[in-house]
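Contents: one structure, followed by commentary.
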Amino acid sequence: MLQSPVVISVSFCYLALLFAVAYWGDKRADQGRSVIANPTIYALSMAVYCTTWTYYGSVGRAAVSGVGFLPIYLGPTLVMALGGFLILKMIRTAKANRITSIADFIASRYGKSQLLGGLVTIIAVIGIVPYIALQLKAVSGSYDLIVGYPALIAPKEGGQPVFADTTFYIALILAAFTILFGTRHLDATERHEGMVAAIALESVVKLAAFGAVGLFVTYGLYGGIGDIFQRAMAEPQLAKLTAVAAENRNYATWFSLTFLAGLAILFLPRQFQVTVVENVSEAHLKRAIWLFPLYLLLINLFVLPIALGGLMQFAGQGIDADTFVLTLPMSAQQEVLALFVFVGGLSAATGMVIVETIALSTMVCNDLVMPLLLRTKALALQRERDLSGLLLAIRRGAIVVILLLGYLYFRLAGDAYALVGIGLISFSAVAQFAPAMIGGMYWRGGTRDGALAGLLAGFAVWTYTLLLPSFAKSGWLPASFLAEGPFGFEMLKPQHLFGLTGLDEISHCLFWSFGANITTYIVVSLLRSPTAAEASQATQFVDALKTTRPVGSALWRGSADPAELIALVGRFLGPQRAEDAFATYARRRGVADVKRLEADADLVHHAESLLTGAIGSASARAMVASVAKEEPLSLPEVMNILDEASQLRTYSRELERKSRELEAATSELKAANDRLLEVDRLKDDFMASVSHELRTPLTSIRAFSEILRDDPRTALPERERFLGIIVSETERLTRLVNQILDMAKIESGNVEWRVEDVDLKAVVEQSAAATSQLFHDKGVTLTLDLPPAVAAVRADRDRLMQVVINLLSNAVKFAPAQAGRVVVSLAQVPDGLSVTVADNGPGIRREDQEVIFERFRQGGDSLTGKPTGTGLGLPISRKIVEYFGGRLWVESEPGVGAAFIFVLPLENSRNGTPQ
Amino acid sequence: MSKKILIADDEQNIVISVEFLMKREGYAVSVAADGDEALAKIRAEKPDLVLLDVMMPKKNGFEVCQDVRSDPALAGVRILMLTARGRDTEVAKGMALGADGYMTKPFSTRDLVEKVRELLG
Amino acid sequence: MQRSSLSGQRLVLIFMLGSFLFNYPLLSLFDRARTLFDAPLVFVYLFAVWAALIALMAWVVERPERPERGGN
C-alpha cells in the first residue's frame, strides 16, 4: 500500500483536512467566536518549534551523540520559566505598537528605523532559508524512502533536472498552501486564527505519530526501554552514547546548545509569530509556560530508545540514522504505521514552513520591499488608489521566493549536512537578534546605531565562522579555506578564529559572534545619547509592563486632514476596511460622523498604528509623514513629554492612593457608626434587663401583698410564708438597686476609691469569715491555702473584700450541698498576686465563660435553672479588679468545677496611684 | 370538671403566688420551671390555659408559644404570656406568635384572675 | 499584583534551579556508566529533573488565586 499514488493522495487528503480546519478557524474568527481563544491551543501552536529537525533529526543526532540532542529542548524549557516576564513584555509591547514581526519589533524600538528593519529581515531570511531547505529535504527524503518500500535506502538523488525533482514540486505545493493559509486577505493585526488552529492540530498529529513509532520500537521490537538500554550497553560502541561527554561533545557544547535553543524559542520568526503576534490573550501564557515544555518532554521521551534500537537493528547496513523513525516500521513491515509516521513528518514540515514563510513574507514585505518601493517610486505609488492588492501580491511573491530559495539551498548544499547541522546554523543566526531585542526591552540607552552595528558585527562573524564553512564543506569554496584559513592566514581559520581551539563549531561561532555583537551594540550605543525618536520608543518598550496606555500620540505634534489620512490608510488596507476602522474609532471617540473627526495627534497616531499592522512601523511613519505636516520635536521636548507622562502616572497613582485613603476613612466612619449603634443597642438592652430584674421581685411582692389584703382569712402558716417571701424579695430588690447604682457609679467614674496598702491575705481571711455561715448552711467545706505572708498591693480594701465575698458566695451557690468543696488559694505569680477561688460545682461551658462577666448574664442556664443573684456581681468584681490594673477570669471544665482567678499587680505598691 | 392550668415560670416565688391564686379560683394547676419542661407538660397534660413566662431557660416563652401553635394537636390550648420585659415590640411579637393574651409583670392579681376567667370562659 | 510578582519570582527561581541542574558541574555527577531502573543514570536524571521542573512551573502558575489579606 505504500506506492506513490497512495502516499500522494493520503498527503493531499491530510493537507486538505488542515486547510478545512484553517478555513473553519477563519470563519469562526470572522464571526467573533474564536476557536483559538484557548490556552491549550496556544501552547500546542508553540510546538511548531518541533519541525522535521526534531521529528527525524533528533534520532539522527542521538545516534551520534546520545543525549546530546536534549539541550535543544532543555533551553526552551528553561526560557519558558522566564516567559512570565520576557514573553509577556514582548506580547504587550507588540500589541501596544501593532508590531507584526520581529523585524518590526527591532525597527520600532530603535526609532522606527527602516534601515534596521531591513537588516533584520535580511539576516532572518539568510538564516532561515537553510532551515526551510531542511524541511524540504526531510519531506522529499521521507517520500523517496516510503515509496521505495521495501528498500530501506532511498536512491541517491541529484543530477535530475529541476522539473523532474519531487522536492521542487513539494516546494511549490507548500508555497501554494502557505499563500492559501496566510495571505487570503490583509489584516491590520496580521493575525491568522485559522492557521493557528491548523498548526495546533499538526502538533497533535506529529506527537501522536512519533509516540506511536516510539511505542512500537520500544515495546514491539524490544522488551521495553530497559531492554533496549541493556542490550545497547552490552555493545561498547553504543554504551558511550548514553553519556553527555560522549564523542567529544563536552559540557561546553551542551551549554551553548541549551543557550542557543533558549534564544531560538524567543527569536525564531515563526516562534515570534505564534507566541507574540498570534497571541489572543495574555492569560494563555500561563498554561503555555508548563504545557509547551511538557510537549517537548513527551516528544523526546523515545528519541534515544529509537536511536539505539535502530543502531542495533541496522548494524552495518549503512542506513542513515535520520531515517530510523521511518525505516524501523518499514523494516518490520508495519506499512500503516510507516504511512502514519510519514504524515507526522509532513505535519512537522508543513507547520514549520507555513508559519515561517508567513512570518518572513510579512517582514520582507513590510521592512524590505515597501520601504524601497515607497522610496524609489514614491510618486507613482502616491497616485495609486488601492495598494492592498499590491501588498498581498508582494507577500505572495515573497512566499514563493523564500521557498524557492530554500529549494535552491537544498539543491546546492543539502547533502553536506545532517538535519541537525543545518538547524543549528539557523539558530545561531537568529540568536544575533538577542542583544538588540533584550537590550531594547530593558535598557533605555540602546540606540539605532548600536543595534545596527551589533547586528552587523554578529551577523558578519556568524557568516564567517558558520555559513562560509558550510559552503566550503559543500564544495562552493576551496577546502583550504577551512584547513588553512583565507589566503593562508592561519589566525583567521574560520572555525578556529585567532587560534581558538577546543570548541565545536557552534560554540565557537556563538562565542565570537555574541562577543562581537554585544560589545559593538553597547559601545556604539554609548557613543551618543539617544535621539528624540529613540528615546520615546525606548520608554514605551522598557516601560511596557508599567504603562497602561501607550503614550504614542503624546509624542506627535502637527496638523493633518482627516480625509487624507483615511484615504492613505485605505490605499493599503482597502477603502472598505479603512472606513470601517475609522468608523469604529469615531464611535469610540464619541463622534457620529467620520468626517467630523478632529485632526489631532490621536487620530494621526491611530492612522499610523493601522498602517503599522499592514506595512510595518517604519514605512507607516514615512507614509503618515507624507500627508500630515509634523512639526519635529526636539529631544528636550520629547523628554518633557515623557516626563509629563510619567508625572501623569505619578498623579494617577497619587489619585489612586487618595481614593484608597478615602475608602479607608469611609469604612472607618462606618465602623464607628456601627459601634455607636451597638453601644446604643447595648444600652437599650441594659435598660430592658434592669427593668426585667426590678419587675421580677416586684411581681412576687405585689402578688402576695394583694393575696394577703384580699383574703384576710389566709391560714397563719401560709401568711407567714408569704410574708417571708415578701421580705426576701424586698431584700433582693434592695441589693439589686444598690448594685445597679454601684455599677453605674463605677462606670461613670464617680466612685471614691480609697487606695491604701492592702494585705490580700487578711482580705481573704476576713471574706472567708464573713461568708462562713453560707458554707455552714449548705454543708460545703471551705479550704484556705495561704502563704505565711505576702507583699501588700495598693488597692481599696473594702472593694477587694467585695470581690472576694462575691466569688465565695458564687462558689458556695454552685457547689453541691454536703459534698461541696471550695478552695481559696493566694500565691505570688510573675505579674503580681493571684487569688483563686475553685469549686467542684457543675462548671461553666466554654462558650459561657466570657458571657458570665456581662451584666445580667448569669451562668447555669441549662444546668441549675435560674441561679439566685442579681447578675451584676461578676461584672462589678471585674470592674474593680481592672481598676487596680489586674485581671479577673474563669477557668472551668464543665462537670468538674470552676476556678475564678484574679491577679493584682505588685508594681502598684511602688508606682503609687493606679490608673 | 375543673379547667387545667399550666404555670411556666422560672421564678420560684412568682410560681408560688400564681399557683395559690389559681388554686383558690378552683383550677387544677401544674408547674414547669423552664421552656422544655413547659412544652413537655403541655403535650402530656393538654392544659386549657398556659401562663407562660417569656424569659425562661432552655427555651423562651416565644419559642414555646410558636411550637404549641405549630402543633395541630394542641389547638385547644390557650396561652397567656407574662413578661417582665414590657416593651411594645415584645407584646406585638407575642401576639403575632399566637398568644391569646399578654400581661406585664408586676400585675394586679385581680386583673390576672379576670383575664384567666375570660380566656377560659 | 503582589501575588503575580511572587509567582514571577518563583519562576525565576525555577529558571536558575534548572540552569544549575542541567549543566556542568552538577550534570557530570550523573554522567557515569551506571544504570537506574535499567536505564542509563544520566538519561533518567535528565528526564526526572525535566519533569520535576515542569511540574513546579505548573504548580506555580496554575494554583487558584487566593484572595489576599487586606487585598487591593
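Residues are referred to by chain and number: the chain letter is A, B, ... according to the order shown in the C-alpha cells, the number counts from 1 in that chain, and ligands are numbered separately from 1 in the order shown.
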
### Message
So that I can see what lies close to C:Leu53, please list as number ranges by chain the residues with an atom at most 12 Å from it, counting only C-alpha atoms and leaving out residues fewer than 5 positions away in the same chain.
### Response
A: 74, 77-81, 289-291, 293-294, 297; C: 10-22, 46-48, 58-60

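For B:Ser2, the list of residues within 7 Å, based on only C-alpha atoms and with local chain neighbours fewer than 4 positions off taken out, reads Gly26, Tyr27 and Ala28 of chain B.
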
Using only C-alpha atoms, find each residue in chain B having at least one atom no more than 10 Å away from chain A; report its shortest atom-to-atom pair and that distance in Å (one decimal), rows by chain then rising number, as JSON lines.
{"residue": "B:Asp10", "atom": "CA", "partner": "A:Lys866", "partner_atom": "CA", "distance": 6.5}
{"residue": "B:Glu11", "atom": "CA", "partner": "A:Lys866", "partner_atom": "CA", "distance": 7.6}
{"residue": "B:Gln12", "atom": "CA", "partner": "A:Ser700", "partner_atom": "CA", "distance": 9.3}
{"residue": "B:Asn13", "atom": "CA", "partner": "A:Ser700", "partner_atom": "CA", "distance": 5.9}
{"residue": "B:Ile14", "atom": "CA", "partner": "A:Ser700", "partner_atom": "CA", "distance": 5.0}
{"residue": "B:Val15", "atom": "CA", "partner": "A:Ser700", "partner_atom": "CA", "distance": 8.6}
{"residue": "B:Ile16", "atom": "CA", "partner": "A:Ser700", "partner_atom": "CA", "distance": 8.6}
{"residue": "B:Ser17", "atom": "CA", "partner": "A:Phe704", "partner_atom": "CA", "distance": 6.2}
{"residue": "B:Val18", "atom": "CA", "partner": "A:Ala703", "partner_atom": "CA", "distance": 7.7}
{"residue": "B:Phe20", "atom": "CA", "partner": "A:Ile707", "partner_atom": "CA", "distance": 8.8}
{"residue": "B:Leu21", "atom": "CA", "partner": "A:Ile707", "partner_atom": "CA", "distance": 7.7}
{"residue": "B:Ala33", "atom": "CA", "partner": "A:Gly865", "partner_atom": "CA", "distance": 7.7}
{"residue": "B:Asp34", "atom": "CA", "partner": "A:Gly865", "partner_atom": "CA", "distance": 7.6}
{"residue": "B:Met55", "atom": "CA", "partner": "A:His692", "partner_atom": "CA", "distance": 9.0}
{"residue": "B:Met56", "atom": "CA", "partner": "A:Lys866", "partner_atom": "CA", "distance": 8.3}
{"residue": "B:Pro57", "atom": "CA", "partner": "A:Asp861", "partner_atom": "CA", "distance": 5.5}
{"residue": "B:Lys58", "atom": "CA", "partner": "A:Ser862", "partner_atom": "CA", "distance": 6.1}
{"residue": "B:Lys59", "atom": "CA", "partner": "A:Ser862", "partner_atom": "CA", "distance": 9.9}
{"residue": "B:Thr83", "atom": "CA", "partner": "A:His692", "partner_atom": "CA", "distance": 8.1}
{"residue": "B:Ala84", "atom": "CA", "partner": "A:His692", "partner_atom": "CA", "distance": 4.8}
{"residue": "B:Arg85", "atom": "CA", "partner": "A:His692", "partner_atom": "CA", "distance": 5.3}
{"residue": "B:Gly86", "atom": "CA", "partner": "A:His692", "partner_atom": "CA", "distance": 8.2}
{"residue": "B:Arg87", "atom": "CA", "partner": "A:Ala688", "partner_atom": "CA", "distance": 8.0}
{"residue": "B:Thr104", "atom": "CA", "partner": "A:Arg695", "partner_atom": "CA", "distance": 9.0}
{"residue": "B:Lys105", "atom": "CA", "partner": "A:Thr699", "partner_atom": "CA", "distance": 5.6}
{"residue": "B:Pro106", "atom": "CA", "partner": "A:Thr699", "partner_atom": "CA", "distance": 4.0}
{"residue": "B:Phe107", "atom": "CA", "partner": "A:Thr699", "partner_atom": "CA", "distance": 6.6}
{"residue": "B:Ser108", "atom": "CA", "partner": "A:Ala703", "partner_atom": "CA", "distance": 6.9}
{"residue": "B:Thr109", "atom": "CA", "partner": "A:Ala703", "partner_atom": "CA", "distance": 5.9}
{"residue": "B:Arg110", "atom": "CA", "partner": "A:Glu706", "partner_atom": "CA", "distance": 8.5}
{"residue": "B:Leu112", "atom": "CA", "partner": "A:Ala703", "partner_atom": "CA", "distance": 9.9}

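Between atom CA of A:Asp367 and atom CA of A:Val604 there is a distance of 21.0 Å.
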
Q.
Taking only chain B into account, list the residues labelled strand (DSSP E) by DSSP (computed from the backbone), as an NGL selection string.
A. :B and (4-8 or 28-32 or 49-53 or 78-83 or 101-104)

Skipping near chain neighbours, those fewer than 3 positions away, what residues fall within 7 Å of B:Ile79 using only C-alpha atoms, listed as a short mmCIF file (atom, residue, chain, number, x, y, z; two decimals) with N, CA, C and O atoms, in the first residue's frame?
data_model
loop_
_atom_site.label_atom_id
_atom_site.label_comp_id
_atom_site.auth_asym_id
_atom_site.auth_seq_id
_atom_site.Cartn_x
_atom_site.Cartn_y
_atom_site.Cartn_z
N LEU B 49 -55.16 26.20 79.67
CA LEU B 49 -54.50 27.50 79.59
C LEU B 49 -53.07 27.38 80.09
O LEU B 49 -52.81 26.65 81.05
N VAL B 50 -52.18 28.09 79.41
CA VAL B 50 -50.80 28.14 79.88
C VAL B 50 -50.49 29.58 80.27
O VAL B 50 -50.72 30.50 79.47
N LEU B 51 -50.00 29.76 81.49
CA LEU B 51 -49.49 31.07 81.88
C LEU B 51 -47.99 31.03 81.62
O LEU B 51 -47.25 30.34 82.32
N LEU B 52 -47.56 31.73 80.58
CA LEU B 52 -46.23 31.49 80.03
C LEU B 52 -45.32 32.70 80.25
O LEU B 52 -45.60 33.79 79.75
N ALA B 99 -50.21 34.16 70.81
CA ALA B 99 -50.67 34.16 72.21
C ALA B 99 -52.09 34.73 72.26
O ALA B 99 -52.48 35.54 71.42
N ASP B 100 -52.84 34.26 73.25
CA ASP B 100 -54.23 34.74 73.35
C ASP B 100 -54.31 35.99 74.21
O ASP B 100 -55.29 36.73 74.14
N GLY B 101 -53.32 36.19 75.07
CA GLY B 101 -53.34 37.37 75.92
C GLY B 101 -51.95 37.68 76.40
O GLY B 101 -51.02 36.89 76.23
#
